[in-house]
Amino acid sequence: MNRKYSVFQFPALSLATMVAIVAIVVMTLVAELSGGFKAFLADLTGHHWVTKGVLALGIFLVTWLASAVGLKEELQRIRTWALAVVGVSLLGIVAISLFYVVHFLTA
């Protein structure tokens, strides 16, 4: 198999993961600030978290497949991609946590 065009490349999976994480964080914060957006999400599948999950999966798949051709897998950069995923995950945790802490303290 030609690794250059494999859809199972670590960089493509990493990028798709990061984009999906950012999408979930943004949707979560916007839904908390906008009752209309939260209701819209809930109307689509019955619960806003289910809709976020379905959208995140779609975003992940589209990003993964679109980037699999363009991103080359280089062994020395796998650690960089892994650390980027960890960094984006931690930033998402911090963003959502800070939002709820500020929301709690100002309520």
# chains A, B, ... in the order shown; residues from 1 in each chain; ligands from 1
$ residues_around --residues "A:Ile21" --least-positions-apart "6" --cutoff "10 Å" --atoms "only C-alpha atoms" --output "mmCIF file with C-alpha atoms, in the first residue's frame"
data_model
loop_
_atom_site.group_PDB
_atom_site.id
_atom_site.type_symbol
_atom_site.label_atom_id
_atom_site.label_comp_id
_atom_site.auth_asym_id
_atom_site.auth_seq_id
_atom_site.Cartn_x
_atom_site.Cartn_y
_atom_site.Cartn_z
ATOM 1 C CA LEU A 15 -6.254 17.160 12.109
ATOM 2 C CA MET A 27 -21.120 24.567 19.574
ATOM 3 C CA ALA A 56 -18.847 16.337 15.214
ATOM 4 C CA ILE A 59 -17.018 17.161 10.616
ATOM 5 C CA PHE A 60 -14.434 14.562 11.648
ATOM 6 C CA VAL A 85 -4.177 16.936 19.632
ATOM 7 C CA VAL A 88 -6.249 21.349 21.501
ATOM 8 C CA SER A 89 -8.017 18.967 23.882
ATOM 9 C CA LEU A 91 -7.516 24.182 25.478
ATOM 10 C CA GLY A 92 -11.059 22.955 24.887
ATOM 11 C CA ILE A 93 -11.299 21.726 28.469
#
$ residues_around --residues "A:Gly87" --least-positions-apart "6" --cutoff "12 Å" --atoms "only C-alpha atoms" --output "list of chain:residue names"
A:Ser14, A:Thr17, A:Met18, A:Ile21, A:Val22, A:Thr80, A:Trp81, A:Ile93, A:Val94
$ atom_distance --atom1 "atom CA of A:Lys38" --atom2 "atom CA of A:Ala16"
24.0 Å
$ closest_residue --among "A:Phe99, A:Ala12, A:Thr106, A:Ser67" --to "A:Glu32" --atoms "only C-alpha atoms"
A:Phe99
$ atom_distance --atom1 "atom CA of A:Ala23" --atom2 "atom CA of A:Leu75"
27.7 Å
$ atom_distance --atom1 "atom CA of A:Leu55" --atom2 "atom CA of A:Leu41"
9.8 Å
$ residues_around --residues "A:Gly53" --least-positions-apart "4" --cutoff "8 Å" --atoms "only C-alpha atoms" --output "list in words"
Ile24, Trp49 and Leu57 of chain A
$ write_last_selection --atoms "N, CA and C atoms" --output "mmCIF file, in the first residue's frame"
data_model
loop_
_atom_site.group_PDB
_atom_site.id
_atom_site.type_symbol
_atom_site.label_atom_id
_atom_site.label_comp_id
_atom_site.auth_asym_id
_atom_site.auth_seq_id
_atom_site.Cartn_x
_atom_site.Cartn_y
_atom_site.Cartn_z
ATOM 1 N N ILE A 24 -16.935 21.055 18.640
ATOM 2 C CA ILE A 24 -17.730 20.735 19.830
ATOM 3 C C ILE A 24 -17.649 21.852 20.856
ATOM 4 N N TRP A 49 -27.045 17.438 22.777
ATOM 5 C CA TRP A 49 -25.773 16.715 22.797
ATOM 6 C C TRP A 49 -25.714 15.653 21.702
ATOM 7 N N LEU A 57 -19.120 14.072 14.377
ATOM 8 C CA LEU A 57 -18.730 12.903 13.589
ATOM 9 C C LEU A 57 -18.652 13.256 12.105
#
$ select_by_dssp --residues "chain A" --states "alpha helix (DSSP H)" --output "PyMOL selection string"
chain A and resi 10-33+35-45+48-68+78-106
$ decode --residues "stretch 21-47 of chain A" --atoms "N, CA and C atoms" --output "PDB file, in the first residue's frame"
ATOM      1  N   ILE A  21     -12.895  18.618  17.807  1.00  0.00           N
ATOM      2  CA  ILE A  21     -12.856  19.141  19.179  1.00  0.00           C
ATOM      3  C   ILE A  21     -13.225  20.618  19.192  1.00  0.00           C
ATOM      4  N   VAL A  22     -12.631  21.387  18.301  1.00  0.00           N
ATOM      5  CA  VAL A  22     -12.938  22.819  18.232  1.00  0.00           C
ATOM      6  C   VAL A  22     -14.418  23.023  17.918  1.00  0.00           C
ATOM      7  N   ALA A  23     -14.958  22.233  17.005  1.00  0.00           N
ATOM      8  CA  ALA A  23     -16.382  22.355  16.660  1.00  0.00           C
ATOM      9  C   ALA A  23     -17.267  22.076  17.870  1.00  0.00           C
ATOM     10  N   ILE A  24     -16.935  21.055  18.640  1.00  0.00           N
ATOM     11  CA  ILE A  24     -17.730  20.735  19.830  1.00  0.00           C
ATOM     12  C   ILE A  24     -17.649  21.852  20.856  1.00  0.00           C
ATOM     13  N   VAL A  25     -16.450  22.382  21.069  1.00  0.00           N
ATOM     14  CA  VAL A  25     -16.288  23.476  22.036  1.00  0.00           C
ATOM     15  C   VAL A  25     -17.093  24.694  21.592  1.00  0.00           C
ATOM     16  N   VAL A  26     -16.977  25.063  20.330  1.00  0.00           N
ATOM     17  CA  VAL A  26     -17.702  26.230  19.820  1.00  0.00           C
ATOM     18  C   VAL A  26     -19.209  26.008  19.912  1.00  0.00           C
ATOM     19  N   MET A  27     -19.682  24.842  19.489  1.00  0.00           N
ATOM     20  CA  MET A  27     -21.120  24.567  19.574  1.00  0.00           C
ATOM     21  C   MET A  27     -21.609  24.599  21.017  1.00  0.00           C
ATOM     22  N   THR A  28     -20.812  24.080  21.933  1.00  0.00           N
ATOM     23  CA  THR A  28     -21.197  24.071  23.346  1.00  0.00           C
ATOM     24  C   THR A  28     -21.324  25.485  23.885  1.00  0.00           C
ATOM     25  N   LEU A  29     -20.327  26.320  23.607  1.00  0.00           N
ATOM     26  CA  LEU A  29     -20.358  27.695  24.115  1.00  0.00           C
ATOM     27  C   LEU A  29     -21.477  28.507  23.467  1.00  0.00           C
ATOM     28  N   VAL A  30     -21.651  28.367  22.161  1.00  0.00           N
ATOM     29  CA  VAL A  30     -22.718  29.103  21.477  1.00  0.00           C
ATOM     30  C   VAL A  30     -24.083  28.642  21.982  1.00  0.00           C
ATOM     31  N   ALA A  31     -24.246  27.343  22.203  1.00  0.00           N
ATOM     32  CA  ALA A  31     -25.528  26.829  22.697  1.00  0.00           C
ATOM     33  C   ALA A  31     -25.839  27.352  24.095  1.00  0.00           C
ATOM     34  N   GLU A  32     -24.817  27.542  24.907  1.00  0.00           N
ATOM     35  CA  GLU A  32     -25.042  28.075  26.252  1.00  0.00           C
ATOM     36  C   GLU A  32     -25.374  29.564  26.224  1.00  0.00           C
ATOM     37  N   LEU A  33     -24.883  30.266  25.224  1.00  0.00           N
ATOM     38  CA  LEU A  33     -25.140  31.704  25.110  1.00  0.00           C
ATOM     39  C   LEU A  33     -26.415  32.010  24.329  1.00  0.00           C
ATOM     40  N   SER A  34     -26.852  31.067  23.516  1.00  0.00           N
ATOM     41  CA  SER A  34     -28.021  31.292  22.667  1.00  0.00           C
ATOM     42  C   SER A  34     -29.032  30.166  22.860  1.00  0.00           C
ATOM     43  N   GLY A  35     -30.112  30.486  23.527  1.00  0.00           N
ATOM     44  CA  GLY A  35     -31.168  29.498  23.721  1.00  0.00           C
ATOM     45  C   GLY A  35     -31.752  29.017  22.409  1.00  0.00           C
ATOM     46  N   GLY A  36     -31.807  29.914  21.426  1.00  0.00           N
ATOM     47  CA  GLY A  36     -32.337  29.544  20.117  1.00  0.00           C
ATOM     48  C   GLY A  36     -31.483  28.494  19.428  1.00  0.00           C
ATOM     49  N   PHE A  37     -30.170  28.656  19.521  1.00  0.00           N
ATOM     50  CA  PHE A  37     -29.257  27.686  18.908  1.00  0.00           C
ATOM     51  C   PHE A  37     -29.359  26.337  19.620  1.00  0.00           C
ATOM     52  N   LYS A  38     -29.436  26.387  20.940  1.00  0.00           N
ATOM     53  CA  LYS A  38     -29.562  25.146  21.715  1.00  0.00           C
ATOM     54  C   LYS A  38     -30.872  24.436  21.369  1.00  0.00           C
ATOM     55  N   ALA A  39     -31.952  25.196  21.236  1.00  0.00           N
ATOM     56  CA  ALA A  39     -33.244  24.613  20.863  1.00  0.00           C
ATOM     57  C   ALA A  39     -33.187  24.030  19.452  1.00  0.00           C
ATOM     58  N   PHE A  40     -32.507  24.734  18.548  1.00  0.00           N
ATOM     59  CA  PHE A  40     -32.343  24.240  17.179  1.00  0.00           C
ATOM     60  C   PHE A  40     -31.618  22.896  17.185  1.00  0.00           C
ATOM     61  N   LEU A  41     -30.540  22.807  17.951  1.00  0.00           N
ATOM     62  CA  LEU A  41     -29.801  21.544  18.045  1.00  0.00           C
ATOM     63  C   LEU A  41     -30.686  20.437  18.609  1.00  0.00           C
ATOM     64  N   ALA A  42     -31.450  20.765  19.640  1.00  0.00           N
ATOM     65  CA  ALA A  42     -32.332  19.773  20.266  1.00  0.00           C
ATOM     66  C   ALA A  42     -33.441  19.332  19.313  1.00  0.00           C
ATOM     67  N   ASP A  43     -33.941  20.244  18.510  1.00  0.00           N
ATOM     68  CA  ASP A  43     -35.014  19.912  17.569  1.00  0.00           C
ATOM     69  C   ASP A  43     -34.558  18.928  16.488  1.00  0.00           C
ATOM     70  N   LEU A  44     -33.291  18.961  16.136  1.00  0.00           N
ATOM     71  CA  LEU A  44     -32.801  18.102  15.054  1.00  0.00           C
ATOM     72  C   LEU A  44     -32.816  16.622  15.419  1.00  0.00           C
ATOM     73  N   THR A  45     -32.417  16.296  16.652  1.00  0.00           N
ATOM     74  CA  THR A  45     -32.318  14.876  17.024  1.00  0.00           C
ATOM     75  C   THR A  45     -33.035  14.529  18.320  1.00  0.00           C
ATOM     76  N   GLY A  46     -33.579  15.515  18.986  1.00  0.00           N
ATOM     77  CA  GLY A  46     -34.245  15.256  20.256  1.00  0.00           C
ATOM     78  C   GLY A  46     -33.450  15.729  21.456  1.00  0.00           C
ATOM     79  N   HIS A  47     -32.136  15.870  21.304  1.00  0.00           N
ATOM     80  CA  HIS A  47     -31.304  16.386  22.391  1.00  0.00           C
ATOM     81  C   HIS A  47     -30.091  17.083  21.788  1.00  0.00           C
TER      82      HIS A  47
END
